[in-house]
Every structure is written in structure tokens, then in C-alpha cells.
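Engineer: Let me begin by handing over the structure; questions about it come next.
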Amino acid sequence: MKDDMMEQWQVMTDAPAPAAASRPIALSVFDLDRTLTIMPTYTPFLLFAARTRAPWRLLLAPLLIPAALLYALKLIPRRTMKPLMHRLMIGGALPKADAQALADRFADRLLENGLYAEGRALIAAEQATGRRTILATAAPHFYAATIAERLGINDVVATASSWRDDQLLPELGGTNCYGADKLRMLCAFLDSAGIDRTAAHIRFYSDHASDLPLFEFADEAFAVNPSSKLRAIAAARGWSLLDWDKDAR
């Protein structure tokens with residue numbers, strides 16, 4: 001009897017401990033323009049590129065206004081407006097090395113005075129707690145990725161640029177990463193990274209109501225420097241508000 005009890009005790013002590021409940025994969029997804037940056041980036045980047053490479057192109061800058069108006073009136077889509085503006089300020093094919101040099105210089109300028117200090121601190125804080133940070137933006141990938149690198153963000157979901165023979169072309173390389181398409185592109189990223197949505201906890205930070213699909217997809221939504229429309233939506237749905245723009249003003 002005693003031997004049987006000892007044998008049972010030995011089996012119990014050798015048995016593996018119950019598996020701990022798996023913790024969700026913690027993700028923090030950030031929009032870029034007017035969420036982390038004080039101003040939008042696309043037009044400033046184009047003007048910066050023109051001023052750096054061919055200042056005479058700044059004479060064409062007034063033509064950017066009709067392109068923006070046509071888009072605002074919904075007469076042309078973003079995938080038409082963006083290449084048109086690119087061609088005006090940068091021209092046709094641009095060597096990859098030159099494009100990267102522009103991206104580097106532009107990112108460095110943003111770090112000097114174009115980013116919200118609160119946003120940079122928040123990214124660092126999220127990373128310090130073990131959350132994986134992702135930049136999701138309609139900005140072109142080639143310079144968005146450079147900005148993300150400066151911020152310590154490794155994962156970027158952005159509008160793909162078009163390349164041929166190591167030359168940057170004005171045309172988009174795929175879907176404009178905006179609105180519902182941004183959500184689809186983020187989901188595609190999660191799939192490619194092997195991240196099951198049901199096993200993830202997602203926080204999303206953005207300034208604009210166009211990101212409503214992603215706000216609703218997230219577990220926690222943060223309206224950052226919100227437009228008036230997003231501010232009203234956030235208030236109605238009980239989302240958190242972060243108003244860094246007020247402090248900047």
C-alpha cells in the first residue's frame with residue numbers, strides 16, 4: 001500500500017505543469033499624416049524634392065492646386081492625383097539611390113521639427129511594454145519606411161511605389177493605402193506575418209474619419225488630433241481622444 005502511494009506521488013510530481021494561457025499578440029498600429037506628423041507629408045515631400053533636385057519645378061507648384069481640387073470634387077481618384085503631382089514636382093524616372101537620398105533627408109527634417117513629441121514618446125512607451133508597432137499610411141512606402149525606421153518601427157503598411165530598372169516612377173505600384181483598402185492591406189500584412197487576428201490585441205491611432213474601418217477593426221481606438229468629424233464619432237462611441245495638436249498650437 002505504501003509503495004503504491006509512493007508510486008502515485010512520483011507520477012504526480014513528474015507530470016508537466018498545466019500550460020499557461022497564451023497571451024494575445026499585442027499590436028499598436030499608427031497612422032502617419034497628422035497623427036504622428038504635424039502636417040501631411042505628401043505635398044511637402046514633393047516640394048522638398050523639387051527644391052532639392054530642380055528648383056525650377058517650383059514654378060509648376062500652382063498646378064498642384066487644380067489637381068487637389070479635381071480630387072476634392074471627386075472628378076479624379078487618388079491613384080490619378082498622386083502620380084500627376086509626382087510628375088509635376090519630380091518628373092519621370094528617378095534613380096533609386098536619389099529617391100532614397102531624398103527620403104533620408106526628408107525624414108531627418110521631420111525628426112527635427114515635424115513630428116509630435118508626444119507621438120514619439122507614445123511609440124517608445126508601447127514598444128517598452130512589448131507591443132509590436134506598425135505604421136499604416138497612404139504615404140508612399142519608399143519614404144514612409146524611412147520615417148518608420150527613424151522611429152524604430154520595423155513594420156510598414158503603405159502605398160507601394162512603382163519601380164522599373166531601379167528607377168522610381170510616378171505611378172503607384174498598387175492600391176492606395178487609404179480607407180477600407182488600408183484595412184485590407186493591414187489584414188494581408190497580418191496574414192503574411194502569421195498573426196491570427198483572434199490571437200491579437202490591436203490598438204489603432206489615427207486623426208481622420210477615413211480610417212473608420214480600421215478603428216472598428218481594432219480592440220482599442222484612439223482618435224489623435226481628430227478632425228471635427230472623427231471627434232464627433234469618437235465621442236459617440238467612447239473612443240479615447242489624444243489632442244497633441246492643441247499643444248502644438
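Every chain in the C-alpha cells takes a letter, A first, then B, and so on in the order presented; its residues are numbered from 1, and the ligands are numbered from 1 following the presented order.
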Compile the contact shell of range 194-203 of chain A as a PyMOL selection string: residues with an atom at most 7 Å away, counting only C-alpha atoms, same-chain residues fewer than 4 positions apart removed.
Structural biologist: chain A and resi 24-29+190+218-221
Engineer: Could you find all residues in range 58-205 of chain A that DSSP calls strand (DSSP E) from the backbone, and write them as JSON, numbers by chain?
Structural biologist: {"A": [94, 95, 132, 133, 134, 135, 136, 137, 138, 139, 140, 155, 156, 157, 158, 159, 161, 162, 163, 164, 167, 168, 169, 170, 171, 172, 200, 201, 202, 203, 204, 205]}
Engineer: Go through A:Leu122, A:Leu88, A:Leu183, A:Ala145 one by one, measure the shortest atom-to-atom distance of each to Leu36 in chain A using only C-alpha atoms, and give the residue with the smallest value.
Structural biologist: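 Of A:Leu122, A:Leu88, A:Leu183, A:Ala145, the one nearest Leu36 in chain A is A:Leu122, counting only C-alpha atoms.
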Engineer: Skip Asp211 in chain A itself and residues of its chain fewer than 2 positions away, then list as a ChimeraX atom specification all residues within 8 Å of it, counting only C-alpha atoms.
Structural biologist: /A:178-180,182,206,208-209,213-215
Engineer: Please, could you write that set of residues out with C-alpha atoms as a PDB file, in the first residue's frame?
Structural biologist:
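Output saved as result_6.pdb:
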ATOM      1  CA  TYR A 178      -6.479  54.531 -47.721  1.00  0.00           C
ATOM      2  CA  GLY A 179      -9.848  53.904 -46.100  1.00  0.00           C
ATOM      3  CA  ALA A 180     -11.163  50.364 -46.474  1.00  0.00           C
ATOM      4  CA  LYS A 182      -5.866  50.287 -45.639  1.00  0.00           C
ATOM      5  CA  SER A 206      -5.341  57.962 -36.320  1.00  0.00           C
ATOM      6  CA  HIS A 208      -9.098  61.000 -39.662  1.00  0.00           C
ATOM      7  CA  ALA A 209     -12.540  59.510 -40.154  1.00  0.00           C
ATOM      8  CA  PRO A 213     -12.841  50.672 -40.979  1.00  0.00           C
ATOM      9  CA  LEU A 214      -9.584  50.233 -39.053  1.00  0.00           C
ATOM     10  CA  PHE A 215     -10.931  51.960 -35.953  1.00  0.00           C
TER      11      PHE A 215
END
Engineer: Just the alpha helix (DSSP H) stuff from range 132-191 of chain A, please, per backbone DSSP, written as number ranges by chain.
Structural biologist: A: 141-150, 180-191
Engineer: With distances taken over only C-alpha atoms, which of A:Met39, A:Ile65, A:Ala136, A:Leu212 is nearest to Tyr116 in chain A?
Structural biologist: A:Met39
Engineer: Considering only C-alpha atoms, state which residue in the set A:Val157, A:Ala72, A:Ala54, A:Ile90 is at the smallest distance from Asp31 in chain A.
Structural biologist: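 Among the listed residues, the smallest separation from Asp31 in chain A belongs to A:Val157.
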Engineer: Using CA of Arg184 in chain A and CA of Ile134 in chain A as the two end points, give the distance in Å to one decimal.
Structural biologist: 14.6 Å
Engineer: Which residue is closest to Ala148 in chain A? Choose from A:Leu46, A:Ala103, A:Ile76, A:Leu242 and count only C-alpha atoms.
Structural biologist: A:Ala103
